[in-house]
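**Student:** Provided herewith: entry-v2.txt, compact mmCIF, C-alpha atoms.
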```txt
# COMPACT_ATOMS: atom_id res chain seq x y z
CA MET L 1 6.88 14.68 10.43
CA LEU L 2 10.54 15.27 9.55
CA VAL L 3 11.59 11.83 10.68
CA ASP L 4 8.58 9.56 10.26
CA GLU L 5 6.90 10.89 7.14
CA ARG L 6 9.50 12.56 4.96
CA HIS L 7 12.64 10.73 6.14
CA TRP L 8 14.55 14.00 5.93
CA MET L 9 16.58 13.06 8.95
CA THR L 10 17.03 10.08 11.28
CA GLY L 11 15.66 9.97 14.80
CA GLU L 12 19.15 10.36 16.21
CA GLU L 13 19.95 13.40 14.08
CA PHE L 14 16.65 14.92 15.15
CA ASN L 15 17.38 14.32 18.83
CA ALA L 16 20.86 15.80 18.54
CA GLN L 17 19.54 18.96 16.89
CA LEU L 18 16.68 19.22 19.37
CA GLY L 19 19.12 18.82 22.26
CA LEU L 20 21.21 21.68 20.93
CA CYS L 21 18.18 23.91 20.43
CA GLN L 22 16.80 23.18 23.88
CA PHE L 23 20.00 24.22 25.46
CA LEU L 24 20.33 27.49 23.53
CA PRO L 25 18.26 30.45 24.65
CA GLY L 26 15.16 31.44 22.71
CA PRO L 27 12.09 29.52 21.59
CA ASN L 28 13.22 25.91 21.04
CA VAL L 29 10.98 25.02 18.13
CA ILE L 30 11.89 28.17 16.22
CA ASN L 31 15.60 27.52 16.74
CA LEU L 32 15.12 23.97 15.55
CA ALA L 33 13.24 25.15 12.46
CA VAL L 34 16.12 27.50 11.60
CA VAL L 35 18.72 24.73 11.97
CA VAL L 36 16.74 22.18 9.95
CA GLY L 37 15.74 24.78 7.35
CA LYS L 38 19.34 25.88 6.85
CA ARG L 39 20.53 22.32 6.52
CA TYR L 40 18.20 21.49 3.67
CA GLN L 41 17.64 24.76 1.85
CA GLY L 42 20.28 27.19 3.10
CA LEU L 43 19.20 30.74 3.83
CA LEU L 44 15.81 30.39 2.16
CA GLY L 45 14.98 27.30 4.21
CA ALA L 46 16.10 28.97 7.42
CA ILE L 47 13.67 31.81 6.72
CA VAL L 48 10.74 29.79 5.39
CA ALA L 49 10.76 27.02 8.01
CA PRO L 50 10.15 29.16 11.13
CA PHE L 51 7.60 31.26 9.25
CA GLY L 52 5.70 28.16 8.19
CA LEU L 53 5.78 26.88 11.73
CA LEU L 54 4.56 30.12 13.27
CA ALA L 55 2.09 31.52 10.75
CA GLY L 56 -0.87 29.23 11.49
CA PRO L 57 -0.68 29.29 15.30
CA LEU L 58 -0.04 33.05 15.19
CA VAL L 59 -3.31 33.65 13.35
CA VAL L 60 -5.17 31.36 15.79
CA VAL L 61 -3.73 33.12 18.81
CA LEU L 62 -4.62 36.55 17.41
CA LEU L 63 -8.20 35.38 16.80
CA LEU L 64 -8.30 34.19 20.42
CA ALA L 65 -7.01 37.61 21.46
CA LEU L 66 -9.89 39.26 19.59
CA ILE L 67 -12.39 36.98 21.32
CA TYR L 68 -10.70 37.71 24.66
CA ASP L 69 -10.93 41.47 24.12
CA ARG L 70 -14.65 41.08 23.42
CA TYR L 71 -15.72 38.56 26.07
CA GLY L 72 -12.73 38.26 28.41
CA SER L 73 -14.30 40.28 31.18
CA GLN L 74 -17.33 37.94 31.45
CA PRO L 75 -17.31 36.00 34.74
CA LEU L 76 -17.54 32.67 32.88
CA ALA L 77 -14.49 33.47 30.74
CA GLN L 78 -12.56 34.68 33.79
CA GLY L 79 -13.38 31.47 35.62
CA MET L 80 -12.36 29.31 32.69
CA LEU L 81 -9.04 31.14 32.25
CA ARG L 82 -8.30 30.85 35.98
CA GLY L 83 -8.89 27.11 35.72
CA ILE L 84 -6.55 26.85 32.73
CA ALA L 85 -3.91 28.95 34.49
CA ALA L 86 -4.07 26.64 37.53
CA ALA L 87 -3.71 23.51 35.37
CA GLY L 88 -0.88 25.20 33.43
CA CYS L 89 0.81 26.07 36.71
CA GLY L 90 0.63 22.42 37.80
CA LEU L 91 2.16 21.37 34.47
CA LEU L 92 5.00 23.88 34.95
CA PHE L 93 5.78 22.47 38.40
CA ALA L 94 5.74 18.98 36.86
CA THR L 95 8.14 20.07 34.10
CA ALA L 96 10.50 21.61 36.65
CA TRP L 97 10.33 18.43 38.75
CA ARG L 98 11.06 16.20 35.76
CA MET L 99 13.92 18.37 34.49
CA GLY L 100 15.35 18.62 38.00
CA GLY L 101 15.21 14.84 38.32
CA ALA L 102 17.17 14.46 35.09
CA ILE L 103 20.13 16.48 36.41
CA LYS L 104 22.94 14.00 36.98
CA ASP L 105 25.08 15.44 39.76
CA LYS L 106 22.33 16.79 42.04
CA PRO L 107 24.40 17.79 45.10
CA ALA L 108 26.64 19.92 42.89
CA PHE L 109 24.04 21.52 40.64
CA LEU L 110 20.69 21.72 42.47
CA PRO L 111 22.02 24.56 44.68
CA PHE L 112 22.14 26.68 41.51
CA THR L 113 18.47 25.91 40.90
CA VAL L 114 17.71 27.12 44.43
CA LEU L 115 19.77 30.28 43.88
CA VAL L 116 17.92 31.06 40.64
CA VAL L 117 14.54 30.61 42.34
CA ALA L 118 15.63 32.86 45.22
CA ALA L 119 16.95 35.57 42.90
CA ILE L 120 14.11 35.48 40.35
CA ALA L 121 10.97 34.46 42.22
CA TRP L 122 11.74 35.94 45.62
CA LEU L 123 14.16 38.87 45.23
CA ARG L 124 12.84 39.73 41.74
CA TRP L 125 16.26 40.57 40.38
CA PRO L 126 16.57 41.26 36.64
CA MET L 127 16.94 38.01 34.80
CA PRO L 128 19.77 38.91 32.35
CA VAL L 129 22.12 39.63 35.27
CA VAL L 130 21.03 36.54 37.20
CA MET L 131 21.48 34.29 34.19
CA LEU L 132 24.89 35.71 33.35
CA CYS L 133 26.20 35.18 36.88
CA GLY L 134 24.44 31.82 37.14
CA LEU L 135 25.94 30.62 33.90
CA LEU L 136 29.44 31.64 34.97
CA LEU L 137 29.12 29.92 38.37
CA SER L 138 27.23 26.81 37.30
CA GLY L 139 29.22 26.43 34.08
CA GLY L 140 32.40 27.00 36.09
CA VAL L 141 31.57 24.18 38.47
CA ALA L 142 30.75 21.94 35.50
CA TYR L 143 34.06 22.86 33.84
CA TRP L 144 35.99 22.07 37.01
CA LYS L 145 34.17 18.77 37.51
CA LEU L 146 34.82 17.74 33.91
CA GLY L 147 38.51 18.40 34.41
CA ARG L 148 38.77 16.12 37.41
CA LYS L 149 37.43 13.03 35.63
CA MET T 1 6.96 54.61 20.57
CA ILE T 2 5.71 51.71 22.63
CA ALA T 3 6.19 49.03 19.94
CA LEU T 4 9.89 49.88 19.67
CA GLN T 5 10.24 49.73 23.43
CA LEU T 6 8.50 46.35 23.43
CA PHE T 7 10.85 45.14 20.71
CA LEU T 8 13.97 46.19 22.63
CA GLU T 9 12.79 44.76 25.97
CA PHE T 10 11.81 41.42 24.47
CA ALA T 11 14.92 41.17 22.29
CA LEU T 12 17.02 41.50 25.43
CA LEU T 13 14.96 38.76 27.08
CA SER T 14 15.28 36.38 24.15
CA GLY T 15 19.03 36.23 24.69
CA VAL T 16 18.65 34.73 28.17
CA ALA T 17 15.59 32.55 27.54
CA PHE T 18 17.31 29.32 28.55
CA GLY T 19 14.49 26.81 28.80
CA GLY T 20 12.30 28.52 26.21
CA ALA T 21 9.48 31.00 26.61
CA THR T 22 8.08 29.52 29.83
CA ALA T 23 11.37 30.28 31.55
CA LEU T 24 10.77 33.94 30.72
CA LEU T 25 7.43 34.25 32.53
CA PRO T 26 8.86 35.83 35.72
CA GLU T 27 10.95 38.34 33.79
CA MET T 28 8.15 39.24 31.39
CA HIS T 29 5.93 39.83 34.41
CA ARG T 30 8.61 41.99 36.02
CA VAL T 31 9.00 44.13 32.92
CA VAL T 32 5.42 44.32 31.67
CA VAL T 33 3.46 44.41 34.94
CA GLU T 34 5.83 45.67 37.64
CA ASN T 35 8.11 48.11 35.79
CA TYR T 36 5.98 49.60 33.04
CA HIS T 37 2.46 48.83 34.34
CA TRP T 38 1.42 48.00 30.79
CA LEU T 39 -0.77 45.11 32.01
CA ASP T 40 -2.29 44.11 35.34
CA ASN T 41 -1.90 40.76 37.10
CA THR T 42 -5.23 39.38 35.94
CA THR T 43 -4.64 40.17 32.28
CA PHE T 44 -1.14 38.70 32.48
CA THR T 45 -2.36 35.37 33.85
CA ASN T 46 -5.29 35.33 31.44
CA LEU T 47 -2.91 35.74 28.50
CA TYR T 48 -0.75 32.95 29.87
CA ALA T 49 -3.85 30.75 30.08
CA ILE T 50 -4.89 31.54 26.49
CA ALA T 51 -1.40 30.68 25.22
CA GLN T 52 -1.51 27.41 27.19
CA ALA T 53 -4.81 26.39 25.63
CA ALA T 54 -3.94 27.52 22.09
CA PRO T 55 -2.27 25.17 19.62
CA GLY T 56 1.30 25.89 18.55
CA PRO T 57 4.54 26.77 20.32
CA ASN T 58 4.22 28.31 23.78
CA VAL T 59 6.35 31.28 22.67
CA LEU T 60 3.08 32.76 21.38
CA VAL T 61 2.35 34.11 24.86
CA VAL T 62 4.62 37.00 23.88
CA THR T 63 2.41 37.65 20.84
CA LEU T 64 -0.60 37.97 23.12
CA ILE T 65 1.23 40.27 25.51
CA GLY T 66 2.29 42.50 22.61
CA TRP T 67 -1.25 42.53 21.26
CA GLU T 68 -2.83 43.59 24.54
CA ILE T 69 -0.29 46.39 25.02
CA ALA T 70 -0.04 47.85 21.51
CA GLY T 71 -2.36 46.00 19.10
CA LEU T 72 -1.09 44.33 15.95
CA THR T 73 2.20 46.29 15.82
CA GLY T 74 2.82 45.30 19.41
CA ALA T 75 2.09 41.64 18.66
CA LEU T 76 4.48 41.62 15.71
CA ALA T 77 7.12 43.56 17.66
CA THR T 78 7.23 41.14 20.62
CA THR T 79 7.07 38.04 18.40
CA ALA T 80 9.86 39.24 16.13
CA ALA T 81 11.96 40.37 19.09
CA MET T 82 11.61 36.97 20.71
CA CYS T 83 12.42 34.91 17.59
CA LEU T 84 14.73 36.96 15.37
CA PRO T 85 17.94 37.64 17.35
CA MET T 86 18.57 34.03 18.36
CA SER T 87 17.47 32.72 14.96
CA ILE T 88 20.03 34.91 13.21
CA LEU T 89 22.73 34.01 15.71
CA ILE T 90 22.00 30.32 15.40
CA TYR T 91 21.98 30.55 11.62
CA LEU T 92 25.42 32.11 11.68
CA LEU T 93 26.93 29.95 14.41
CA ILE T 94 25.41 26.49 13.99
CA ASP T 95 28.21 25.07 11.83
CA ARG T 96 30.92 26.39 14.11
CA TRP T 97 29.05 25.11 17.17
CA GLU T 98 28.85 21.62 15.72
CA SER T 99 32.62 21.62 15.24
CA PHE T 100 33.01 22.39 18.95
CA ALA T 101 31.02 19.27 19.89
CA GLY T 102 32.75 17.35 22.65
CA LYS T 103 35.02 20.22 23.77
CA ARG T 104 35.29 20.61 27.53
CA TRP T 105 33.86 24.13 27.74
CA GLN T 106 30.97 23.21 25.48
CA LYS T 107 30.05 20.27 27.72
CA ALA T 108 30.43 22.53 30.75
CA VAL T 109 28.00 25.09 29.35
CA SER T 110 25.36 22.51 28.49
CA LEU T 111 25.72 20.90 31.93
CA GLY T 112 25.63 24.26 33.69
CA VAL T 113 22.55 25.56 31.93
CA SER T 114 20.02 22.94 32.93
CA PRO T 115 19.91 23.62 36.71
CA LEU T 116 19.33 27.29 35.87
CA ALA T 117 16.51 26.44 33.46
CA VAL T 118 14.85 24.31 36.15
CA GLY T 119 14.98 27.25 38.54
CA LEU T 120 13.45 29.56 35.94
CA ILE T 121 10.55 27.23 35.16
CA PHE T 122 9.88 26.67 38.87
CA SER T 123 9.90 30.46 39.35
CA GLY T 124 7.47 30.79 36.44
CA ALA T 125 5.05 28.43 38.14
CA THR T 126 5.21 30.28 41.47
CA LEU T 127 4.78 33.58 39.65
CA ILE T 128 1.57 32.46 37.92
CA ALA T 129 0.22 31.22 41.25
CA GLN T 130 1.04 34.57 42.87
CA ALA T 131 -0.23 36.79 40.05
CA ALA T 132 -3.50 34.85 39.82
CA ALA T 133 -3.87 34.90 43.64
CA PHE T 134 -4.85 31.22 43.73
CA GLY T 135 -7.37 30.11 46.35
CA TRP T 136 -7.52 26.61 47.85
CA GLY T 137 -9.51 25.24 44.91
CA ALA T 138 -6.85 26.36 42.47
CA TRP T 139 -4.02 24.97 44.62
CA LEU T 140 -5.84 21.64 44.79
CA LEU T 141 -5.96 21.59 40.99
CA VAL T 142 -2.27 22.57 40.79
CA ALA T 143 -1.31 19.71 43.11
CA THR T 144 -3.54 17.18 41.34
CA THR T 145 -2.17 18.20 37.93
CA LEU T 146 1.41 17.98 39.20
CA VAL T 147 1.01 14.47 40.61
CA ALA T 148 -1.19 13.15 37.79
CA ASN T 149 1.13 14.54 35.12
CA LEU T 150 4.17 12.93 36.72
CA ARG T 151 2.48 9.57 37.23
CA SER T 152 0.45 9.11 34.06
CA LYS T 153 1.02 9.48 30.35
CA LEU T 154 -2.09 11.61 29.80
CA HIS T 155 -1.61 14.36 27.23
CA PRO T 156 -1.19 17.79 28.89
CA LEU T 157 -4.22 19.08 27.02
CA TRP T 158 -6.46 16.87 29.18
CA PHE T 159 -5.32 18.81 32.25
CA ILE T 160 -5.93 22.10 30.47
CA ALA T 161 -9.42 20.91 29.49
CA ALA T 162 -10.15 19.76 33.04
CA GLY T 163 -8.97 23.11 34.38
CA ALA T 164 -11.19 24.95 31.91
CA ALA T 165 -14.22 22.84 32.88
CA LEU T 166 -13.66 23.28 36.63
CA GLY T 167 -13.13 26.99 36.08
CA LEU T 168 -16.36 27.31 34.09
CA LEU T 169 -18.17 25.69 37.02
CA GLY T 170 -16.75 28.44 39.22
CA LEU T 171 -14.67 26.05 41.34
CA ILE T 172 -11.25 27.64 40.81
```
What would you get if you wrote out this structure as structure tokens?
**Tutor:**
Amino acid sequence: MLVDERHWMTGEEFNAQLGLCQFLPGPNVINLAVVVGKRYQGLLGAIVAPFGLLAGPLVVVLLLALIYDRYGSQPLAQGMLRGIAAAGCGLLFATAWRMGGAIKDKPAFLPFTVLVVAAIAWLRWPMPVVMLCGLLLSGGVAYWKLGRK
Amino acid sequence: MIALQLFLEFALLSGVAFGGATALLPEMHRVVVENYHWLDNTTFTNLYAIAQAAPGPNVLVVTLIGWEIAGLTGALATTAAMCLPMSILIYLLIDRWESFAGKRWQKAVSLGVSPLAVGLIFSGATLIAQAAAFGWGAWLLVATTLVANLRSKLHPLWFIAAGAALGLLGLI
């Protein structure tokens, strides 16, 4: 919409901003809306853009929650949700696989992926601590590698 | 005051959500199901499924979690907690960040983050499988979705729809 319909920004600008927002913590699309909103309308834009993006889906999701509270315990609904969860789980594995494949220096960085999985999925350590240590170690290796080039 | 507690817990999480809301699934489960016992495993996976099927950004799973725990206030508390802190920080820092573009430490951080995000998303997938106690039918669907999604250009919603249909038939 931003690029193709309104020509507010070029495809390259969009990709650069999206790249930045995907790398920062927090919901990517909201971050992107803040950045784009600020760029075009300052503070007002940065407030309005994420609200506009969220308002509709938020109402839909709350309606779904109401329906779930009413009928969620029915066997049919339970079955359907289990099916969706399984498909969603497959999509998550696929995303992880694709993102893992895109990492450039695999021997150096995939060990950190394994460490995160061990700490989070298996040992169930608190994520803020794991991410802080992970970022220091993984970022440190990246810093060192960049210096050697 | 459960809404306030929700806000604080989720605000803390938003600061480490590298890889977006899906990367947070294991930690949200740890906090909401294991630590506070606000929700059980089944409800947690059901909410994840609803958020998957719903239109809009996947961050809305936190809205659903807040809703089930503390109604509308809860839903608003978790949603605001997830979106506000980083939005404010980004608003304040974006210009400065752009002037750092190309610096060695900035490149190092962006390189270092992605392997961690991959690990988080992989953990999220295993967590859903565990919490939902998948049987062989479900695992078959997981594997089929994984392979088909990697090999074809089908829109993800088709897999969600197929999962819903198979689930309705009682196969999952």
**Student:** Which residues are near segment 95-107 of chain L? Cut-off 8 Å, all atoms listed in the file, ignore same chain within fewer than 5 positions. Put them as a short mmCIF file (atom, residue, chain, number, x, y, z; two decimals) with C-alpha atoms, keeping the file's coordinate frame.
**Tutor:**
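Output (selection09.cif):
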```
data_model
loop_
_atom_site.label_atom_id
_atom_site.label_comp_id
_atom_site.auth_asym_id
_atom_site.auth_seq_id
_atom_site.Cartn_x
_atom_site.Cartn_y
_atom_site.Cartn_z
CA SER T 114 20.02 22.94 32.93
CA PRO T 115 19.91 23.62 36.71
CA VAL T 118 14.85 24.31 36.15
CA GLY T 119 14.98 27.25 38.54
CA ILE T 121 10.55 27.23 35.16
CA PHE T 122 9.88 26.67 38.87
CA LEU T 150 4.17 12.93 36.72
#
```
**Student:** Chain T near chain L within 6 Å: what's each residue's closest atom pair and its distance in Å to one decimal, counting only C-alpha atoms, ordered by chain then ascending residue number, as a tab-separated table?
**Tutor:**
```
residue	atom	partner	partner_atom	distance
T:Ser14	CA	L:Gly26	CA	5.1
T:Gly15	CA	L:Pro25	CA	5.8
T:Val16	CA	L:Pro25	CA	5.6
T:Ala17	CA	L:Pro25	CA	4.5
T:Phe18	CA	L:Pro25	CA	4.2
T:Gly20	CA	L:Pro27	CA	4.7
T:Ala21	CA	L:Pro27	CA	5.8
T:Asn46	CA	L:Leu81	CA	5.7
T:Ala49	CA	L:Ala85	CA	4.8
T:Gly56	CA	L:Pro57	CA	5.1
T:Ser87	CA	L:Asn31	CA	5.8
T:Ala108	CA	L:Tyr143	CA	4.8
T:Val109	CA	L:Gly139	CA	5.1
T:Gly112	CA	L:Gly139	CA	4.2
T:Pro115	CA	L:Thr113	CA	5.0
T:Leu116	CA	L:Thr113	CA	5.3
T:Val118	CA	L:Ala96	CA	5.1
T:Gly119	CA	L:Thr113	CA	4.4
T:Ile121	CA	L:Ala96	CA	5.8
T:Phe122	CA	L:Ala96	CA	5.6
T:Ser123	CA	L:Ala121	CA	5.0
T:Ala125	CA	L:Cys89	CA	5.1
T:Ala138	CA	L:Ala86	CA	5.7
T:Val142	CA	L:Gly90	CA	4.2
T:Thr145	CA	L:Gly90	CA	5.1
T:Leu146	CA	L:Gly90	CA	4.7
T:Phe159	CA	L:Ala87	CA	5.9
T:Ile160	CA	L:Ile84	CA	5.3
T:Gly163	CA	L:Gly83	CA	4.2
T:Ala164	CA	L:Met80	CA	4.6
T:Gly167	CA	L:Met80	CA	4.2
T:Leu168	CA	L:Met80	CA	4.7
T:Gly170	CA	L:Gly79	CA	5.8
T:Ile172	CA	L:Gly83	CA	5.6
```
**Student:** Between atom CA of Gly66 of chain T and atom CA of Ala3 of chain T, what is the distance in Å, rounded to a tenth?
**Tutor:** 8.1 Å
**Student:** Residues near Leu39 of chain T, anyone? I mean within 10 Å using only C-alpha atoms, not counting same-chain ones fewer than 6 positions away, as a ChimeraX atom specification.
**Tutor:** /T:29,31-33,65,68-69
**Student:** State, in Å with one decimal place, the distance from atom CA of Cys83 of chain T to atom CA of Ala23 of chain T.
**Tutor:**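 Separating atom CA of Cys83 of chain T from atom CA of Ala23 of chain T is a distance of 14.7 Å.
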**Student:** List as a PyMOL selection string the residues having at least one atom at most 9 Å from position (10.5, 43.6, 23.9) as given in the file, counting all atoms listed in the file.
**Tutor:** chain T and resi 3-14+28+62+66+77-82
**Student:** Mind giving me the straight-line distance from atom CA of Ala132 of chain T to atom CA of Phe44 of chain T in Å, one decimal?
**Tutor:**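 Between these atoms lies a distance of 8.6 Å.
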**Student:** How big is the axis-aligned box, and where does its centre sit, when it encloses all atoms of segment 77-82 of chain T listed in the file and has 3 Å added on every side, reported in Å to one decimal as JSON?
**Tutor:**
```
{"center_x": 9.5, "center_y": 40.3, "center_z": 18.4, "size_x": 10.9, "size_y": 12.6, "size_z": 10.6}
```
**Student:** Given the choices T:Trp38, T:Lys153, T:Leu127, T:Thr63, which gets closest to Ile50 of chain T if the distance is worked out from only C-alpha atoms?
**Tutor:** T:Thr63
**Student:** Using all atoms listed in the file, can you tell me which of T:Ala165, T:Leu24, T:Val113, T:Leu171 comes closest to Phe134 of chain T?
**Tutor:** T:Leu171
**Student:** Which residue gives the smallest distance to Ala129 of chain T among T:Ala101, T:Ala143, T:Leu154, T:Val61, with all atoms listed in the file counted?
**Tutor:**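 Ranking T:Ala101, T:Ala143, T:Leu154, T:Val61 by distance to Ala129 of chain T, first place goes to T:Ala143.
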**Student:** Using all atoms listed in the file, which of the listed residues (T:Leu120, T:Leu72, T:Leu111, T:Ile90) sits closest to Glu27 of chain T?
**Tutor:**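 For Glu27 of chain T, the nearest of the given residues is T:Leu120.
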